[in-house]
Amino acid sequence: MSGFPRWRRYIRLVRPDVPADVDEELAFHLEMRVERNIALGMTREAARSEAIERFGDLTHFREQLVKHDVRRQSNDERTEYLRDLAQDLRFGFRALRRAPGFAAATILTLSLCTGANAAIFSVVDAVVLRPLPYSRPEQLVSLGTGAAGEFLALRERLRSFSQLAAWVEQTHPIDDGQEALRVEGAAVTTNLLPMLGVTPQLGRGFLREEGQPGRNNVLLISDAIWQTHFGGTRDIVGRRILVEGTPHTIVGVMPREFHFPAATTQYWQPGSFNPSNVGATWGVWDKNFIGRVAPGVSVERARREVRDVWPTLRTLNPLWDPGPDYRRDVNPQPLQTSVVGPTGRLLWILFGCVVLVLLIGCVNVANLLLARATARERELTVRAALGGGRGRLLRQLLTESLLLSTTGSALGIGFSVFVVRWLLTELPPGIPRAEEIRVNGTVLLFTAAVALATGVLFGIVPALRATRSNVRSSAVGGGRRTSRDTQHHRISGVLVAAEVAFAVLLVVAATLLVRSFSALRTVRLGFDTDHIIAARITPPNRGYHDTSRVTALYEGLRSRLSALPGVTSVAVTDKLPIAQVVYGAAFRVQGQYEDAKHNLPSIGHLQDVTPEYLRTMGIPLLRGRGFTDADRGGEPLVAIVSESVARRYWPGEDALGKRVAPPWDSPWMTIVGVVPDTRQDSLRDTSRTSVYVPWAQSTLRYTSEMWVVVRTKREPAPFATALRSAVRDIDRTVAVSDVRTMEAVVSDSVRKARFTMLLVAAFAAAALLLGSIGIYGVMSYLVGQRTQEMGIRIALGSTAGGVIGLVVGRAIRLASLGAVIGLAAALITTRWLGALLYGVSALDPVTFIATALLFLLVAAAASYGPAWRATRVDPVRALRAE
Amino acid sequence: MSPRADPNDLLQGTLAILILKALLPGPAHGYGIARWIEDTTEDVLRVEEGSLYPALRRLEDRRWVSSEWGLSDNNRRARFYSITAAGRKHLRNEATVWLRYSQAVTRVLRTAPAIG
């Protein structure tokens with residue numbers, strides 16, 4: 001207080017009026033002087049002017065004083081605020097030190113909850129929230145996918161865009177003379193990189209003329225492949241490497257943070273359009289179009305224009321009439337939205353779950369604080385009586401809870417660093433922008449906000465309750481058994497019900513996901529996964545454009561691998577189940593769908609296989625025969641179909657001997673065998689219809705990329721090396737990639753589902769744990785508070801069972817209330833899980849009912865301990881305590 | 001910190017000493033201080049009375065003086081200033097320096113040849 005003008009404390013009550021104070025002081029001076037002058041015999045007039053003259057420049061001094069006093073006042077306020085804060089903090093620390101168990105439990109709960117939140121938020125921030133690392137990213141729009149002809153036509157017609165660019169993902173074997181690699185890349189129009197506002201970190205970008213056919217043998221490479229494969233040396237620029245066996249020049253290296261269109265993209269090549277090739281220009285709908293909206297044009301208007309203009313291109317297609325529905329469904333989106341894709345929803349779901357956990361944590365802490373406030377009632381009463389105003393007490397209690405939340409959050413940030421590290425290793429492939437995930441400034445800010453919000457959230461109710469203290473009732477009644485207690489019990493009850501509701505919601509979601517995942521993992525695949533290893537073989541186009549060369553490669557591979565000890569069989573196929581996207585193929589069926597102009601049935605997939613394929617994959621033959629080496633070119637064409645093809649087109653008949661064929665005028669193939677359906681595209685795949693044709697007779701092959709599948713007697717993983725070296729020994733320009741056991745192929749395909757399930761299940765487990773701790777805590781507290789009541793009940797002849805029933809019953813009632821609310825919330829929200837679910841309905845009654853029962857059980861179990869303690873109350877002592 | 005940190009304004013330092021000295025007997029309002037200086041110096045050191053107030057603020061900022069509102073002899077609300085312990089100490093130091101300085105100047109002026 002020293003050095004502090006005392007009067008300020010009172011004037012503070014009203015908003016201090018600095019100018020008025022200054023005026024009053026100066027007026028007093030002048031008036032005193034005037035009075036004295038009059039007393040000395042001057043006239044009032046003369047006295048006034050003498051006084052003013054003596055005083056000097058009144059306006060100047062007044063101004064100077066007001067300015068000074070205003071500044072000093074705000075300094076004082078700040079000082080006082082800081083002093084109060086320091087005092088609150090000191091009190092807070094002291095109070096927490098006196099209750100180390102409470103402080104530790106609270107801080108631990110909060111740090112785990114906040115840490116999990118910060119970790120998930122750092123993913124959400126990196127993937128969804130942070131603007132794309134391009135210039136003016138908000139102007140970038142992804143228009144959709146189409147043919148080169150459409151791109152050229154749109155570029156001519158659209159007015160809302162300042163630029164339009166196109167790209168298509170492509171995969172090629174590249175070869176630097178050391179090693180052949182199958183690398184993902186993209187062909188881009190030469191204006192794409194400038195449009196994004198990205199320049200290479202080394203070398204140059206593409207020149208305009210490099211977009212001409214025949215001029216595009218130049219590459220930009222990613223920082224990642226530069227570092228890992230090319231040694232990261234600056235002389236990379238100008239180096240020539242083989243792409244598909246053709247020499248290309250590396251002209252530059254893109255910045256490390258550039259990942260377009262995907263994190264796996266390792267090189268960029270100028271795409272060229274050749275309008276004179278009508279088939280390629282209008283027949284291949286695989287280009288992705290993106291544009292930059294012109295300055296002053298809204299993204300919404302640009303999207304509308306695309307939706308209006310694109311369908312009008314229908315008449316331009318020289319190959320066929322795409323029909324009246326042509327491009328009616330185009331839906332241009334901000335680039336950010338299209339980059340994030342469905343991952344955004346997944347992340348928001350995870351974020352929602354982790355926020356629920358945090359809320360449950362807050363409820364627990366609030367309950368602890370409530371109980372503590374009651375225990376500290378005397379202290380608070382005394383402080384209130386000693387003149388600490390309600391505002392001041394409130395502030396002190398909130399400072400205490402903020403102290404807890406801030407400490408918890410600070411530890412939580414440390415925790416989140418580890419969680420993020422773990423997340424990065426567990427993150428399923430295909431999460432866009434995953435490489436940007438880290439605990440950064442934004443995450444720290446978020447955590448600070450969480451600390452503040454949670455501190456107030458769990459602190460405010462207990463603080464309000466505690467400071468509503470009525471001095472008289474507490475001091476007189478000793479703080480016991482007043483109406484305040486009933487009120488307190490009601491608040492505790494509401495908090496328990498709330499946390500049960502949150503936890504029920506989480507457990508329902510987790511159960512649905514766990515059931516989906518287990519349904520997914522127990523799906524009947526139709527093939528074996530054990531003792532099989534597979535690899536993708538990519539020969540360069542150049543040197544492998546004739547079939548005989550390709551055949552020779554695979555024949556060589558087959559004989560080499562078969563000779564390895566421990567190998568049972570070796571097969572080659574153009575598609576490996578579950579390992580890649582499978583497109584449907586149209587088919588003719590003799591006697592049913594022969595005319596190509598009719599709508600042909602789409603068969604799930606068409607697969608070229610060598611004779612050993614079925615045996616190697618463990619696909620049993622249901623009828624007929626498998627392929628043999630005799631089924632080769634020049635011999636009668638044969639096919640094997642899956643069960644559902646046979647059933648659909650020849651129900652009740654024998655499919656053997658029937659004939660199918662690809663569209664147009666391909667020759668008929670006779671069905672010689674029937675096999676079970678297999679999952680092809682993914683484990684969720686339901687279009688299980690398949691047609692297998694012998695590799696040696698295949699007429700449809702348009703890619704030389706193949707898979708080799710090896711069945712082994714022992715654990716298959718160690719064969720990876722042998723597989724690679726076998727290919728290298730035959731031709732080192734052939735790239736080998738995706739060498740994985742079938743087990744790995746299948747489990748990799750569900751990594752996203754597994755990841756989501758694991759996280760949500762972990763959150764649900766945390767919720768369940770926190771919920772039971774919460775119920776236990778509140779029940780223990782209530783029993784403690786009602787010791788006398790229990791004593792009286794026992795004295796009046798209540799049995800132990802009665803007392804236990806009373807306490808457990810109350811817990812179950814609270815939990816039921818919470819469960820009902822939680823189930824209602826789940827009814828509304830589980831549908832957001834949508835595509836994450838498999839084989840179980842979002843409203844699965846078993847899950848809902850089981851979760852509700854689980855929580856009643858938890859409530860009973862968590863309250864049994866406190867209830868049992870209640871039966872041990874000694875009635876005499878309890879009553880005497882009164 | 002000493003007022004000599006502001007050596008280009010001799011009067012500021014002087015004024016500070018006068019005010020602190022005026023407050024030694026007890027709290028006084030601004031007018032009282034002005035009157036005390038007037039009476040004590042027999043109106044020789046005639047300061048611009050308005051400049052007392054900024055000077056008081058400066059002394060307050062340095063914690064040599066504190067102030068509070070009170071009632072004057074004629075029962076009017078006035079702001080009273082009082083000297084703090086630090087103020088007394090400062091006054092003592094300053095007075096020593098000042099007396100030595102003025103004695104030295106006096107001695108110089110008294111040496112022959114006498115002025116006028």
# chains A, B, ... in the order shown; residues from 1 in each chain; ligands from 1
call {"tool": "residues_around", "arguments": {"residues": "A:Val496", "least_positions_apart": "5", "cutoff": "7 Å", "atoms": "only C-alpha atoms", "output": "PyMOL selection string"}}
result
chain A and resi 774-775+814
call {"tool": "closest_atom_pairs", "arguments": {"of": "chain B", "to": "chain A", "cutoff": "7 Å", "atoms": "only C-alpha atoms", "output": "CSV"}}
result
residue,atom,partner,partner_atom,distance
B:Gly30,CA,A:His29,CA,6.7
B:Tyr31,CA,A:His29,CA,5.1
B:Glu48,CA,A:Phe55,CA,5.5
B:Glu49,CA,A:Phe55,CA,4.4
B:Gly50,CA,A:Phe55,CA,4.6
B:Pro54,CA,A:Leu65,CA,6.3
B:Arg63,CA,A:Gly3,CA,6.0
B:Ser66,CA,A:Pro5,CA,6.2
B:Ser67,CA,A:Pro5,CA,5.8
B:Glu68,CA,A:Trp7,CA,5.5
B:Trp69,CA,A:Trp7,CA,6.4
B:Ala78,CA,A:Glu25,CA,6.2
B:Arg79,CA,A:Glu25,CA,6.4
call {"tool": "residues_around", "arguments": {"residues": "stretch 724-741 of chain A", "least_positions_apart": "5", "cutoff": "8 Å", "atoms": "only C-alpha atoms", "output": "PyMOL selection string"}}
result
chain A and resi 173-175+179-182+245+529-540+553+556-557+560-561+716-717
call {"tool": "closest_residue", "arguments": {"among": "A:Leu402, A:Ala373, A:Ala166, A:Ala466", "to": "A:Pro270", "atoms": "only C-alpha atoms"}}
result
A:Ala166
call {"tool": "atom_distance", "arguments": {"atom1": "atom CA of A:Met617", "atom2": "atom CA of A:Asp528"}}
result
5.7 Å
call {"tool": "atom_distance", "arguments": {"atom1": "atom CA of A:His259", "atom2": "atom CA of A:Leu164"}}
result
19.2 Å
call {"tool": "atom_distance", "arguments": {"atom1": "atom CA of A:Ala375", "atom2": "atom CA of A:Gly493"}}
result
18.1 Å
call {"tool": "closest_atom_pairs", "arguments": {"of": "stretch 305-396 of chain A", "to": "stretch 109-121 of chain A", "cutoff": "10 Å", "atoms": "only C-alpha atoms", "output": "CSV"}}
result
residue,atom,partner,partner_atom,distance
A:Leu347,CA,A:Ile120,CA,7.9
A:Trp348,CA,A:Phe121,CA,9.2
A:Leu350,CA,A:Ile120,CA,7.3
A:Phe351,CA,A:Ile120,CA,6.1
A:Gly352,CA,A:Asn117,CA,9.5
A:Cys353,CA,A:Asn117,CA,9.3
A:Val354,CA,A:Asn117,CA,5.8
A:Val355,CA,A:Asn117,CA,6.6
A:Leu356,CA,A:Cys113,CA,9.5
A:Val357,CA,A:Cys113,CA,6.5
A:Leu358,CA,A:Cys113,CA,5.0
A:Leu359,CA,A:Cys113,CA,8.7
A:Ile360,CA,A:Cys113,CA,9.0
A:Gly361,CA,A:Thr109,CA,6.2
A:Cys362,CA,A:Leu110,CA,7.5
A:Asn364,CA,A:Thr109,CA,8.6
A:Val365,CA,A:Thr109,CA,8.0
call {"tool": "select_by_dssp", "arguments": {"residues": "stretch 290-347 of chain A", "states": "helix (DSSP H, G or I)", "output": "list in words"}}
result
Val299, Glu300, Arg301, Ala302, Arg303, Arg304, Glu305, Val306, Arg307, Asp308, Val309, Trp310, Pro311, Thr312, Leu313, Arg314, Thr315, Leu316, Leu335, Gln336, Thr337, Ser338, Val339, Val340, Thr343, Gly344, Arg345, Leu346 and Leu347 of chain A
call {"tool": "write_last_selection", "arguments": {"atoms": "C-alpha atoms", "output": "PDB file, in the first residue's frame"}}
result
ATOM      1  CA  VAL A 299     -15.550 -18.370 -56.058  1.00  0.00           C
ATOM      2  CA  GLU A 300     -19.288 -18.950 -55.942  1.00  0.00           C
ATOM      3  CA  ARG A 301     -19.815 -17.144 -59.234  1.00  0.00           C
ATOM      4  CA  ALA A 302     -16.973 -19.057 -60.838  1.00  0.00           C
ATOM      5  CA  ARG A 303     -18.471 -22.344 -59.696  1.00  0.00           C
ATOM      6  CA  ARG A 304     -21.833 -21.349 -61.112  1.00  0.00           C
ATOM      7  CA  GLU A 305     -20.288 -20.460 -64.431  1.00  0.00           C
ATOM      8  CA  VAL A 306     -18.558 -23.827 -64.667  1.00  0.00           C
ATOM      9  CA  ARG A 307     -21.819 -25.597 -63.866  1.00  0.00           C
ATOM     10  CA  ASP A 308     -23.585 -23.579 -66.577  1.00  0.00           C
ATOM     11  CA  VAL A 309     -20.959 -23.796 -69.289  1.00  0.00           C
ATOM     12  CA  TRP A 310     -19.637 -27.333 -69.025  1.00  0.00           C
ATOM     13  CA  PRO A 311     -22.859 -29.153 -70.043  1.00  0.00           C
ATOM     14  CA  THR A 312     -23.051 -27.002 -73.190  1.00  0.00           C
ATOM     15  CA  LEU A 313     -19.903 -28.748 -74.467  1.00  0.00           C
ATOM     16  CA  ARG A 314     -21.988 -31.857 -75.146  1.00  0.00           C
ATOM     17  CA  THR A 315     -22.163 -31.161 -78.893  1.00  0.00           C
ATOM     18  CA  LEU A 316     -18.397 -30.747 -79.216  1.00  0.00           C
ATOM     19  CA  LEU A 335      -9.067 -26.506 -54.164  1.00  0.00           C
ATOM     20  CA  GLN A 336      -8.666 -26.841 -50.421  1.00  0.00           C
ATOM     21  CA  THR A 337     -11.950 -28.739 -50.100  1.00  0.00           C
ATOM     22  CA  SER A 338     -11.087 -31.075 -52.923  1.00  0.00           C
ATOM     23  CA  VAL A 339      -7.566 -31.701 -51.603  1.00  0.00           C
ATOM     24  CA  VAL A 340      -8.866 -32.516 -48.139  1.00  0.00           C
ATOM     25  CA  THR A 343     -10.556 -36.960 -44.796  1.00  0.00           C
ATOM     26  CA  GLY A 344     -11.931 -33.664 -43.502  1.00  0.00           C
ATOM     27  CA  ARG A 345     -15.048 -35.299 -42.160  1.00  0.00           C
ATOM     28  CA  LEU A 346     -13.067 -38.110 -40.595  1.00  0.00           C
ATOM     29  CA  LEU A 347     -10.827 -35.629 -38.794  1.00  0.00           C
TER      30      LEU A 347
END
